[in-house]
Each structure stands twice: as structure tokens, then as C-alpha cells.
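Printed here is entry_2.txt (compact mmCIF, N, CA and C atoms):
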# COMPACT_ATOMS: atom_id res chain seq x y z
N MET A 1 -84.64 -34.31 26.26
CA MET A 1 -84.24 -33.24 25.36
C MET A 1 -82.71 -33.20 25.29
N MET A 2 -82.20 -33.07 24.10
CA MET A 2 -80.75 -33.05 23.90
C MET A 2 -80.18 -31.69 24.32
N GLU A 3 -79.13 -31.72 25.13
CA GLU A 3 -78.50 -30.46 25.57
C GLU A 3 -77.58 -29.96 24.47
N ARG A 4 -77.64 -28.65 24.26
CA ARG A 4 -76.75 -28.01 23.29
C ARG A 4 -75.91 -26.99 24.03
N SER A 5 -74.61 -27.14 23.92
CA SER A 5 -73.76 -26.14 24.57
C SER A 5 -73.60 -24.94 23.64
N GLU A 6 -73.28 -23.80 24.23
CA GLU A 6 -73.10 -22.60 23.42
C GLU A 6 -71.95 -22.76 22.45
N ARG A 7 -70.90 -23.46 22.86
CA ARG A 7 -69.74 -23.66 22.00
C ARG A 7 -70.15 -24.45 20.76
N ASN A 8 -70.98 -25.48 20.92
CA ASN A 8 -71.43 -26.27 19.77
C ASN A 8 -72.30 -25.43 18.83
N ILE A 9 -73.15 -24.59 19.40
CA ILE A 9 -74.01 -23.75 18.56
C ILE A 9 -73.15 -22.75 17.78
N LEU A 10 -72.15 -22.18 18.43
CA LEU A 10 -71.27 -21.23 17.74
C LEU A 10 -70.48 -21.90 16.63
N SER A 11 -69.97 -23.11 16.89
CA SER A 11 -69.21 -23.79 15.84
C SER A 11 -70.14 -24.22 14.70
N THR A 12 -71.36 -24.61 15.03
CA THR A 12 -72.34 -24.95 14.00
C THR A 12 -72.69 -23.72 13.17
N LEU A 13 -72.89 -22.60 13.84
CA LEU A 13 -73.18 -21.35 13.14
C LEU A 13 -72.02 -20.96 12.22
N ASN A 14 -70.81 -21.13 12.69
CA ASN A 14 -69.63 -20.81 11.90
C ASN A 14 -69.56 -21.69 10.64
N ARG A 15 -69.73 -23.00 10.82
CA ARG A 15 -69.69 -23.91 9.66
C ARG A 15 -70.81 -23.62 8.68
N LEU A 16 -72.01 -23.38 9.22
CA LEU A 16 -73.15 -23.07 8.37
C LEU A 16 -72.92 -21.79 7.58
N SER A 17 -72.34 -20.79 8.22
CA SER A 17 -72.06 -19.51 7.54
C SER A 17 -71.09 -19.72 6.38
N TRP A 18 -70.02 -20.49 6.61
CA TRP A 18 -69.06 -20.76 5.53
C TRP A 18 -69.70 -21.54 4.40
N LEU A 19 -70.57 -22.50 4.75
CA LEU A 19 -71.26 -23.29 3.73
C LEU A 19 -72.19 -22.41 2.90
N ILE A 20 -72.96 -21.55 3.55
CA ILE A 20 -73.87 -20.65 2.84
C ILE A 20 -73.07 -19.67 1.97
N LEU A 21 -71.96 -19.15 2.50
CA LEU A 21 -71.13 -18.23 1.71
C LEU A 21 -70.60 -18.92 0.46
N ALA A 22 -70.08 -20.11 0.61
CA ALA A 22 -69.55 -20.83 -0.56
C ALA A 22 -70.66 -21.11 -1.57
N THR A 23 -71.81 -21.55 -1.08
CA THR A 23 -72.94 -21.85 -1.97
C THR A 23 -73.42 -20.61 -2.70
N MET A 24 -73.60 -19.52 -1.96
CA MET A 24 -74.07 -18.28 -2.59
C MET A 24 -73.06 -17.74 -3.60
N THR A 25 -71.78 -17.85 -3.27
CA THR A 25 -70.74 -17.37 -4.19
C THR A 25 -70.75 -18.16 -5.49
N ILE A 26 -70.80 -19.49 -5.37
CA ILE A 26 -70.79 -20.35 -6.55
C ILE A 26 -72.04 -20.12 -7.40
N ILE A 27 -73.20 -20.08 -6.74
CA ILE A 27 -74.45 -19.85 -7.48
C ILE A 27 -74.43 -18.48 -8.17
N SER A 28 -73.91 -17.47 -7.48
CA SER A 28 -73.82 -16.13 -8.07
C SER A 28 -72.91 -16.12 -9.29
N MET A 29 -71.80 -16.82 -9.20
CA MET A 29 -70.87 -16.86 -10.33
C MET A 29 -71.46 -17.61 -11.52
N ILE A 30 -72.24 -18.65 -11.24
CA ILE A 30 -72.82 -19.44 -12.32
C ILE A 30 -73.99 -18.71 -12.99
N PHE A 31 -74.91 -18.19 -12.15
CA PHE A 31 -76.15 -17.64 -12.70
C PHE A 31 -76.11 -16.13 -12.96
N SER A 32 -75.11 -15.44 -12.42
CA SER A 32 -75.04 -14.00 -12.65
C SER A 32 -73.74 -13.70 -13.38
N SER A 33 -72.71 -13.33 -12.63
CA SER A 33 -71.42 -13.05 -13.25
C SER A 33 -70.32 -13.29 -12.22
N VAL A 34 -69.11 -13.40 -12.70
CA VAL A 34 -67.97 -13.57 -11.80
C VAL A 34 -67.81 -12.35 -10.91
N SER A 35 -68.08 -11.18 -11.45
CA SER A 35 -67.98 -9.94 -10.69
C SER A 35 -68.97 -9.95 -9.52
N PHE A 36 -70.20 -10.36 -9.79
CA PHE A 36 -71.21 -10.42 -8.73
C PHE A 36 -70.83 -11.47 -7.69
N GLY A 37 -70.36 -12.62 -8.13
CA GLY A 37 -69.93 -13.67 -7.21
C GLY A 37 -68.77 -13.24 -6.33
N THR A 38 -67.84 -12.51 -6.93
CA THR A 38 -66.71 -11.98 -6.16
C THR A 38 -67.19 -10.97 -5.12
N SER A 39 -68.18 -10.18 -5.48
CA SER A 39 -68.75 -9.21 -4.54
C SER A 39 -69.43 -9.91 -3.37
N VAL A 40 -70.15 -10.98 -3.66
CA VAL A 40 -70.79 -11.77 -2.60
C VAL A 40 -69.72 -12.35 -1.68
N ALA A 41 -68.66 -12.90 -2.27
CA ALA A 41 -67.57 -13.47 -1.47
C ALA A 41 -66.91 -12.41 -0.61
N ALA A 42 -66.67 -11.24 -1.17
CA ALA A 42 -66.03 -10.16 -0.40
C ALA A 42 -66.90 -9.74 0.77
N GLY A 43 -68.19 -9.57 0.55
CA GLY A 43 -69.10 -9.20 1.63
C GLY A 43 -69.17 -10.27 2.70
N GLY A 44 -69.21 -11.51 2.28
CA GLY A 44 -69.26 -12.62 3.24
C GLY A 44 -67.98 -12.71 4.06
N LEU A 45 -66.84 -12.51 3.42
CA LEU A 45 -65.57 -12.54 4.16
C LEU A 45 -65.50 -11.39 5.17
N ILE A 46 -66.00 -10.24 4.79
CA ILE A 46 -66.02 -9.11 5.73
C ILE A 46 -66.92 -9.44 6.92
N ALA A 47 -68.11 -9.97 6.65
CA ALA A 47 -69.06 -10.29 7.72
C ALA A 47 -68.51 -11.37 8.65
N LEU A 48 -67.95 -12.43 8.09
CA LEU A 48 -67.42 -13.51 8.92
C LEU A 48 -66.17 -13.07 9.67
N GLY A 49 -65.34 -12.26 9.02
CA GLY A 49 -64.16 -11.73 9.71
C GLY A 49 -64.55 -10.83 10.87
N ASN A 50 -65.56 -10.00 10.67
CA ASN A 50 -66.07 -9.14 11.73
C ASN A 50 -66.61 -9.97 12.90
N ASN A 51 -67.35 -11.01 12.58
CA ASN A 51 -67.92 -11.87 13.61
C ASN A 51 -66.81 -12.54 14.43
N PHE A 52 -65.80 -13.05 13.74
CA PHE A 52 -64.68 -13.70 14.42
C PHE A 52 -63.95 -12.69 15.30
N TRP A 53 -63.72 -11.50 14.78
CA TRP A 53 -63.00 -10.47 15.52
C TRP A 53 -63.78 -10.04 16.76
N LEU A 54 -65.09 -9.85 16.61
CA LEU A 54 -65.93 -9.46 17.75
C LEU A 54 -65.91 -10.54 18.82
N ARG A 55 -66.02 -11.80 18.41
CA ARG A 55 -66.00 -12.90 19.38
C ARG A 55 -64.67 -12.97 20.10
N SER A 56 -63.57 -12.76 19.38
CA SER A 56 -62.26 -12.82 20.04
C SER A 56 -62.08 -11.66 21.02
N ILE A 57 -62.61 -10.48 20.70
CA ILE A 57 -62.54 -9.34 21.62
C ILE A 57 -63.31 -9.67 22.90
N LEU A 58 -64.51 -10.21 22.75
CA LEU A 58 -65.32 -10.53 23.92
C LEU A 58 -64.69 -11.65 24.75
N GLU A 59 -64.11 -12.64 24.09
CA GLU A 59 -63.43 -13.71 24.83
C GLU A 59 -62.23 -13.17 25.60
N ARG A 60 -61.47 -12.26 24.98
CA ARG A 60 -60.33 -11.65 25.67
C ARG A 60 -60.77 -10.87 26.89
N ILE A 61 -61.87 -10.16 26.77
CA ILE A 61 -62.38 -9.39 27.91
C ILE A 61 -62.75 -10.33 29.05
N LEU A 62 -63.42 -11.43 28.71
CA LEU A 62 -63.86 -12.36 29.75
C LEU A 62 -62.70 -13.15 30.36
N ILE A 63 -61.71 -13.49 29.56
CA ILE A 63 -60.59 -14.30 30.06
C ILE A 63 -59.55 -13.44 30.76
N GLN A 64 -59.12 -12.35 30.11
CA GLN A 64 -58.05 -11.51 30.67
C GLN A 64 -58.56 -10.55 31.73
N GLN A 65 -59.81 -10.20 31.66
CA GLN A 65 -60.43 -9.25 32.57
C GLN A 65 -59.57 -8.01 32.78
N PRO A 66 -59.46 -7.17 31.74
CA PRO A 66 -58.66 -5.95 31.86
C PRO A 66 -59.23 -5.02 32.94
N ASP A 67 -58.40 -4.05 33.36
CA ASP A 67 -58.81 -3.13 34.43
C ASP A 67 -60.09 -2.38 34.09
N ASN A 68 -60.20 -1.92 32.85
CA ASN A 68 -61.39 -1.17 32.44
C ASN A 68 -61.99 -1.86 31.20
N PRO A 69 -62.79 -2.91 31.40
CA PRO A 69 -63.30 -3.67 30.25
C PRO A 69 -64.20 -2.85 29.33
N LYS A 70 -64.91 -1.87 29.88
CA LYS A 70 -65.80 -1.06 29.04
C LYS A 70 -65.00 -0.25 28.03
N THR A 71 -63.94 0.41 28.48
CA THR A 71 -63.09 1.18 27.58
C THR A 71 -62.40 0.27 26.57
N TYR A 72 -61.92 -0.87 27.04
CA TYR A 72 -61.25 -1.86 26.18
C TYR A 72 -62.21 -2.29 25.05
N ALA A 73 -63.45 -2.62 25.41
CA ALA A 73 -64.42 -3.09 24.42
C ALA A 73 -64.80 -1.98 23.44
N ILE A 74 -65.05 -0.79 23.96
CA ILE A 74 -65.45 0.33 23.09
C ILE A 74 -64.34 0.70 22.12
N ALA A 75 -63.10 0.74 22.60
CA ALA A 75 -61.97 1.08 21.73
C ALA A 75 -61.82 0.06 20.61
N ARG A 76 -61.94 -1.21 20.94
CA ARG A 76 -61.81 -2.25 19.91
C ARG A 76 -63.00 -2.26 18.96
N TYR A 77 -64.17 -1.94 19.49
CA TYR A 77 -65.38 -1.87 18.67
C TYR A 77 -65.24 -0.76 17.63
N ILE A 78 -64.79 0.41 18.06
CA ILE A 78 -64.60 1.53 17.14
C ILE A 78 -63.51 1.21 16.11
N LEU A 79 -62.42 0.58 16.55
CA LEU A 79 -61.35 0.18 15.63
C LEU A 79 -61.88 -0.81 14.59
N ARG A 80 -62.67 -1.78 15.05
CA ARG A 80 -63.22 -2.80 14.15
C ARG A 80 -64.16 -2.15 13.13
N LEU A 81 -65.02 -1.27 13.57
CA LEU A 81 -65.94 -0.61 12.64
C LEU A 81 -65.20 0.30 11.66
N THR A 82 -64.17 0.98 12.13
CA THR A 82 -63.40 1.87 11.26
C THR A 82 -62.70 1.07 10.17
N ILE A 83 -62.06 -0.01 10.56
CA ILE A 83 -61.36 -0.85 9.57
C ILE A 83 -62.35 -1.44 8.58
N THR A 84 -63.50 -1.88 9.07
CA THR A 84 -64.53 -2.42 8.18
C THR A 84 -65.02 -1.36 7.20
N ALA A 85 -65.25 -0.15 7.69
CA ALA A 85 -65.71 0.93 6.81
C ALA A 85 -64.67 1.26 5.74
N VAL A 86 -63.39 1.29 6.13
CA VAL A 86 -62.33 1.58 5.16
C VAL A 86 -62.27 0.50 4.09
N ILE A 87 -62.39 -0.76 4.51
CA ILE A 87 -62.36 -1.87 3.54
C ILE A 87 -63.53 -1.76 2.57
N ILE A 88 -64.73 -1.50 3.10
CA ILE A 88 -65.91 -1.39 2.24
C ILE A 88 -65.78 -0.20 1.28
N LEU A 89 -65.29 0.93 1.77
CA LEU A 89 -65.10 2.09 0.90
C LEU A 89 -64.08 1.80 -0.20
N LEU A 90 -62.98 1.11 0.15
CA LEU A 90 -61.99 0.75 -0.86
C LEU A 90 -62.59 -0.18 -1.91
N LEU A 91 -63.39 -1.13 -1.46
CA LEU A 91 -64.04 -2.05 -2.41
C LEU A 91 -65.00 -1.29 -3.33
N LEU A 92 -65.73 -0.34 -2.78
CA LEU A 92 -66.65 0.44 -3.60
C LEU A 92 -65.90 1.32 -4.61
N LYS A 93 -64.75 1.86 -4.19
CA LYS A 93 -63.95 2.66 -5.12
C LYS A 93 -63.39 1.81 -6.26
N VAL A 94 -63.08 0.55 -5.97
CA VAL A 94 -62.55 -0.35 -6.98
C VAL A 94 -63.65 -0.74 -7.97
N GLY A 95 -64.89 -0.58 -7.56
CA GLY A 95 -66.00 -0.87 -8.48
C GLY A 95 -66.71 -2.18 -8.21
N ILE A 96 -66.66 -2.64 -6.98
CA ILE A 96 -67.33 -3.90 -6.65
C ILE A 96 -68.84 -3.69 -6.71
N ASN A 97 -69.57 -4.74 -7.03
CA ASN A 97 -71.02 -4.68 -7.15
C ASN A 97 -71.64 -4.52 -5.76
N ILE A 98 -72.35 -3.42 -5.54
CA ILE A 98 -72.87 -3.12 -4.20
C ILE A 98 -73.96 -4.11 -3.77
N ILE A 99 -74.78 -4.57 -4.70
CA ILE A 99 -75.82 -5.55 -4.36
C ILE A 99 -75.16 -6.87 -3.94
N GLY A 100 -74.12 -7.28 -4.65
CA GLY A 100 -73.40 -8.48 -4.27
C GLY A 100 -72.73 -8.33 -2.91
N LEU A 101 -72.16 -7.16 -2.67
CA LEU A 101 -71.51 -6.88 -1.39
C LEU A 101 -72.52 -6.96 -0.25
N LEU A 102 -73.68 -6.33 -0.42
CA LEU A 102 -74.73 -6.37 0.60
C LEU A 102 -75.26 -7.79 0.80
N THR A 103 -75.35 -8.55 -0.27
CA THR A 103 -75.78 -9.94 -0.16
C THR A 103 -74.77 -10.73 0.68
N GLY A 104 -73.50 -10.52 0.41
CA GLY A 104 -72.48 -11.21 1.19
C GLY A 104 -72.46 -10.77 2.64
N LEU A 105 -72.69 -9.50 2.89
CA LEU A 105 -72.70 -9.00 4.26
C LEU A 105 -73.87 -9.58 5.06
N SER A 106 -74.89 -10.08 4.38
CA SER A 106 -76.04 -10.64 5.07
C SER A 106 -75.89 -12.13 5.39
N ILE A 107 -74.74 -12.70 5.15
CA ILE A 107 -74.50 -14.13 5.38
C ILE A 107 -74.84 -14.53 6.82
N LEU A 108 -74.38 -13.77 7.79
CA LEU A 108 -74.64 -14.12 9.19
C LEU A 108 -76.11 -14.03 9.53
N VAL A 109 -76.82 -13.07 8.98
CA VAL A 109 -78.25 -12.95 9.24
C VAL A 109 -78.96 -14.20 8.71
N ILE A 110 -78.60 -14.61 7.51
CA ILE A 110 -79.20 -15.81 6.91
C ILE A 110 -78.86 -17.04 7.74
N SER A 111 -77.60 -17.16 8.16
CA SER A 111 -77.17 -18.32 8.95
C SER A 111 -77.87 -18.38 10.30
N ILE A 112 -77.94 -17.25 10.99
CA ILE A 112 -78.58 -17.22 12.30
C ILE A 112 -80.07 -17.56 12.17
N THR A 113 -80.72 -17.01 11.16
CA THR A 113 -82.13 -17.30 10.94
C THR A 113 -82.34 -18.78 10.64
N ALA A 114 -81.55 -19.32 9.74
CA ALA A 114 -81.69 -20.73 9.38
C ALA A 114 -81.43 -21.64 10.57
N LEU A 115 -80.40 -21.35 11.35
CA LEU A 115 -80.09 -22.17 12.51
C LEU A 115 -81.18 -22.05 13.57
N SER A 116 -81.71 -20.86 13.77
CA SER A 116 -82.79 -20.66 14.75
C SER A 116 -84.04 -21.44 14.36
N VAL A 117 -84.40 -21.37 13.09
CA VAL A 117 -85.56 -22.12 12.63
C VAL A 117 -85.33 -23.61 12.80
N TYR A 118 -84.16 -24.09 12.42
CA TYR A 118 -83.84 -25.51 12.56
C TYR A 118 -83.92 -25.95 14.02
N LEU A 119 -83.30 -25.18 14.93
CA LEU A 119 -83.31 -25.56 16.34
C LEU A 119 -84.72 -25.50 16.92
N SER A 120 -85.51 -24.53 16.50
CA SER A 120 -86.90 -24.44 16.98
C SER A 120 -87.71 -25.64 16.53
N LEU A 121 -87.56 -26.00 15.26
CA LEU A 121 -88.31 -27.14 14.74
C LEU A 121 -87.83 -28.46 15.34
N SER A 122 -86.54 -28.60 15.55
CA SER A 122 -86.04 -29.85 16.12
C SER A 122 -86.43 -29.97 17.59
N ASP A 123 -86.52 -28.86 18.32
CA ASP A 123 -86.96 -28.91 19.72
C ASP A 123 -88.43 -29.29 19.80
N LYS A 124 -89.25 -28.79 18.89
CA LYS A 124 -90.67 -29.15 18.91
C LYS A 124 -90.86 -30.63 18.65
N GLY A 125 -90.04 -31.16 17.77
CA GLY A 125 -90.12 -32.59 17.49
C GLY A 125 -89.74 -33.43 18.69
N GLU A 126 -88.76 -32.98 19.46
CA GLU A 126 -88.32 -33.71 20.64
C GLU A 126 -89.34 -33.59 21.77
N ASN A 127 -89.99 -32.42 21.89
CA ASN A 127 -90.97 -32.21 22.96
C ASN A 127 -92.25 -32.99 22.71
N ALA A 128 -92.55 -33.28 21.47
CA ALA A 128 -93.80 -33.98 21.14
C ALA A 128 -93.75 -35.45 21.52
N GLN A 129 -92.56 -36.01 21.67
CA GLN A 129 -92.44 -37.44 21.96
C GLN A 129 -92.60 -37.76 23.41
For the file at hand, write its structure as C-alpha cells.
Amino acid sequence: MMERSERNILSTLNRLSWLILATMTIISMIFSSVSFGTSVAAGGLIALGNNFWLRSILERILIQQPDNPKTYAIARYILRLTITAVIILLLLKVGINIIGLLTGLSILVISITALSVYLSLSDKGENAQ
């Protein structure tokens, strides 16, 4: 059985997420409208930015080991959610398409599901031999 490190899975998930975001944005712009495609892109950028920010916070906690990691994590979590909420509210005030925004925000869910299915199926194929 082929060993997969967590770092490889995270980088694969990251690349897959960017690929799905680009594909969904282009398809949305072609088959719907530029406004909808822009909304998908905005939601995807928010989701991927949030994921990157969360990962960097957790890596800092593990590497730097602050005196009170729980307070450090909670404070950054609240800051991250607040900034995300402000960005989403500003986008909604500007008139961005909410369905497109929600579609873009679901990029990571789609990527994680697709990668999980792929890894499950590829492991079954390796175990059968």
C-alpha cells in the first residue's frame, strides 16, 4: 500500500480546490453570466483564504507553542470569522449573487468529498491485489 503523508494530502487538496474553483468560475461565466461567475470566484476565494488562514494559525500554535494556546486560537478564530463576515456583508451590499457566493463557499466541501472518494477507491484497488 502506498503511504500518503498529511502534507501531500493537504497540498493535493489545495491544488484540487484551486482547479475546481477555476473550473466552476469559467463554467459559470460561460453558461450563466459574468456576475454569477464573479460571485462563485468571490466565494471560492473567501473559502480558500479562510482555509489557508486557519491552517497557518494552527501551524503557528504547534510550532511557536504560545503560553496560552487556547486563548491564542480562540482569539484568532473570532478575528477570522469577524473579518469573513464583514467581507461577505460588504459583498452582499454591493449586490453580489448570493447563490454564486454560496456555490463558491462550498469549494472546499466539494474538494474534500472528491478527494475522499478518490482515496477510498484507490485504496480498495490496492488492497484487492
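With all atoms listed in the file as the atoms that count, the residue of A:Tyr72, A:Trp18, A:Trp53, A:Phe36 with the shortest distance to Ile99 in chain A is A:Phe36.
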CA of Ile26 in chain A to CA of Val40 in chain A measures 9.4 Å
Between CA of Ala47 in chain A and atom C of Leu101 in chain A lies a distance of 9.3 Å
The distance between atom N of Ile74 in chain A and CA of Leu108 in chain A is 22.1 Å
Taking (-65.7, -3.5, 21.8) in the coordinates of the supplied file, I want to know which residues reach to within 12 Å of it, counting only C-alpha atoms; could you give the answer as JSON, numbers by chain? {"A": [50, 51, 53, 54, 55, 56, 57, 58, 59, 60, 61, 68, 69, 70, 71, 72, 73, 74, 75, 76, 77, 78, 79, 80, 81]}
Can those selected residues be exported to a file as a PDB file, keeping the file's coordinate frame so that it contains N, CA and C atoms?
ATOM      1  N   ASN A  50     -65.560 -10.000  10.670  1.00  0.00           N
ATOM      2  CA  ASN A  50     -66.070  -9.140  11.730  1.00  0.00           C
ATOM      3  C   ASN A  50     -66.610  -9.970  12.900  1.00  0.00           C
ATOM      4  N   ASN A  51     -67.350 -11.010  12.580  1.00  0.00           N
ATOM      5  CA  ASN A  51     -67.920 -11.870  13.610  1.00  0.00           C
ATOM      6  C   ASN A  51     -66.810 -12.540  14.430  1.00  0.00           C
ATOM      7  N   TRP A  53     -63.720 -11.500  14.780  1.00  0.00           N
ATOM      8  CA  TRP A  53     -63.000 -10.470  15.520  1.00  0.00           C
ATOM      9  C   TRP A  53     -63.780 -10.040  16.760  1.00  0.00           C
ATOM     10  N   LEU A  54     -65.090  -9.850  16.610  1.00  0.00           N
ATOM     11  CA  LEU A  54     -65.930  -9.460  17.750  1.00  0.00           C
ATOM     12  C   LEU A  54     -65.910 -10.540  18.820  1.00  0.00           C
ATOM     13  N   ARG A  55     -66.020 -11.800  18.410  1.00  0.00           N
ATOM     14  CA  ARG A  55     -66.000 -12.900  19.380  1.00  0.00           C
ATOM     15  C   ARG A  55     -64.670 -12.970  20.100  1.00  0.00           C
ATOM     16  N   SER A  56     -63.570 -12.760  19.380  1.00  0.00           N
ATOM     17  CA  SER A  56     -62.260 -12.820  20.040  1.00  0.00           C
ATOM     18  C   SER A  56     -62.080 -11.660  21.020  1.00  0.00           C
ATOM     19  N   ILE A  57     -62.610 -10.480  20.700  1.00  0.00           N
ATOM     20  CA  ILE A  57     -62.540  -9.340  21.620  1.00  0.00           C
ATOM     21  C   ILE A  57     -63.310  -9.670  22.900  1.00  0.00           C
ATOM     22  N   LEU A  58     -64.510 -10.210  22.750  1.00  0.00           N
ATOM     23  CA  LEU A  58     -65.320 -10.530  23.920  1.00  0.00           C
ATOM     24  C   LEU A  58     -64.690 -11.650  24.750  1.00  0.00           C
ATOM     25  N   GLU A  59     -64.110 -12.640  24.090  1.00  0.00           N
ATOM     26  CA  GLU A  59     -63.430 -13.710  24.830  1.00  0.00           C
ATOM     27  C   GLU A  59     -62.230 -13.170  25.600  1.00  0.00           C
ATOM     28  N   ARG A  60     -61.470 -12.260  24.980  1.00  0.00           N
ATOM     29  CA  ARG A  60     -60.330 -11.650  25.670  1.00  0.00           C
ATOM     30  C   ARG A  60     -60.770 -10.870  26.890  1.00  0.00           C
ATOM     31  N   ILE A  61     -61.870 -10.160  26.770  1.00  0.00           N
ATOM     32  CA  ILE A  61     -62.380  -9.390  27.910  1.00  0.00           C
ATOM     33  C   ILE A  61     -62.750 -10.330  29.050  1.00  0.00           C
ATOM     34  N   ASN A  68     -60.200  -1.920  32.850  1.00  0.00           N
ATOM     35  CA  ASN A  68     -61.390  -1.170  32.440  1.00  0.00           C
ATOM     36  C   ASN A  68     -61.990  -1.860  31.200  1.00  0.00           C
ATOM     37  N   PRO A  69     -62.790  -2.910  31.400  1.00  0.00           N
ATOM     38  CA  PRO A  69     -63.300  -3.670  30.250  1.00  0.00           C
ATOM     39  C   PRO A  69     -64.200  -2.850  29.330  1.00  0.00           C
ATOM     40  N   LYS A  70     -64.910  -1.870  29.880  1.00  0.00           N
ATOM     41  CA  LYS A  70     -65.800  -1.060  29.040  1.00  0.00           C
ATOM     42  C   LYS A  70     -65.000  -0.250  28.030  1.00  0.00           C
ATOM     43  N   THR A  71     -63.940   0.410  28.480  1.00  0.00           N
ATOM     44  CA  THR A  71     -63.090   1.180  27.580  1.00  0.00           C
ATOM     45  C   THR A  71     -62.400   0.270  26.570  1.00  0.00           C
ATOM     46  N   TYR A  72     -61.920  -0.870  27.040  1.00  0.00           N
ATOM     47  CA  TYR A  72     -61.250  -1.860  26.180  1.00  0.00           C
ATOM     48  C   TYR A  72     -62.210  -2.290  25.050  1.00  0.00           C
ATOM     49  N   ALA A  73     -63.450  -2.620  25.410  1.00  0.00           N
ATOM     50  CA  ALA A  73     -64.420  -3.090  24.420  1.00  0.00           C
ATOM     51  C   ALA A  73     -64.800  -1.980  23.440  1.00  0.00           C
ATOM     52  N   ILE A  74     -65.050  -0.790  23.960  1.00  0.00           N
ATOM     53  CA  ILE A  74     -65.450   0.330  23.090  1.00  0.00           C
ATOM     54  C   ILE A  74     -64.340   0.700  22.120  1.00  0.00           C
ATOM     55  N   ALA A  75     -63.100   0.740  22.600  1.00  0.00           N
ATOM     56  CA  ALA A  75     -61.970   1.080  21.730  1.00  0.00           C
ATOM     57  C   ALA A  75     -61.820   0.060  20.610  1.00  0.00           C
ATOM     58  N   ARG A  76     -61.940  -1.210  20.940  1.00  0.00           N
ATOM     59  CA  ARG A  76     -61.810  -2.250  19.910  1.00  0.00           C
ATOM     60  C   ARG A  76     -63.000  -2.260  18.960  1.00  0.00           C
ATOM     61  N   TYR A  77     -64.170  -1.940  19.490  1.00  0.00           N
ATOM     62  CA  TYR A  77     -65.380  -1.870  18.670  1.00  0.00           C
ATOM     63  C   TYR A  77     -65.240  -0.760  17.630  1.00  0.00           C
ATOM     64  N   ILE A  78     -64.790   0.410  18.060  1.00  0.00           N
ATOM     65  CA  ILE A  78     -64.600   1.530  17.140  1.00  0.00           C
ATOM     66  C   ILE A  78     -63.510   1.210  16.110  1.00  0.00           C
ATOM     67  N   LEU A  79     -62.420   0.580  16.550  1.00  0.00           N
ATOM     68  CA  LEU A  79     -61.350   0.180  15.630  1.00  0.00           C
ATOM     69  C   LEU A  79     -61.880  -0.810  14.590  1.00  0.00           C
ATOM     70  N   ARG A  80     -62.670  -1.780  15.050  1.00  0.00           N
ATOM     71  CA  ARG A  80     -63.220  -2.800  14.150  1.00  0.00           C
ATOM     72  C   ARG A  80     -64.160  -2.150  13.130  1.00  0.00           C
ATOM     73  N   LEU A  81     -65.020  -1.270  13.570  1.00  0.00           N
ATOM     74  CA  LEU A  81     -65.940  -0.610  12.640  1.00  0.00           C
ATOM     75  C   LEU A  81     -65.200   0.300  11.660  1.00  0.00           C
TER      76      LEU A  81
END
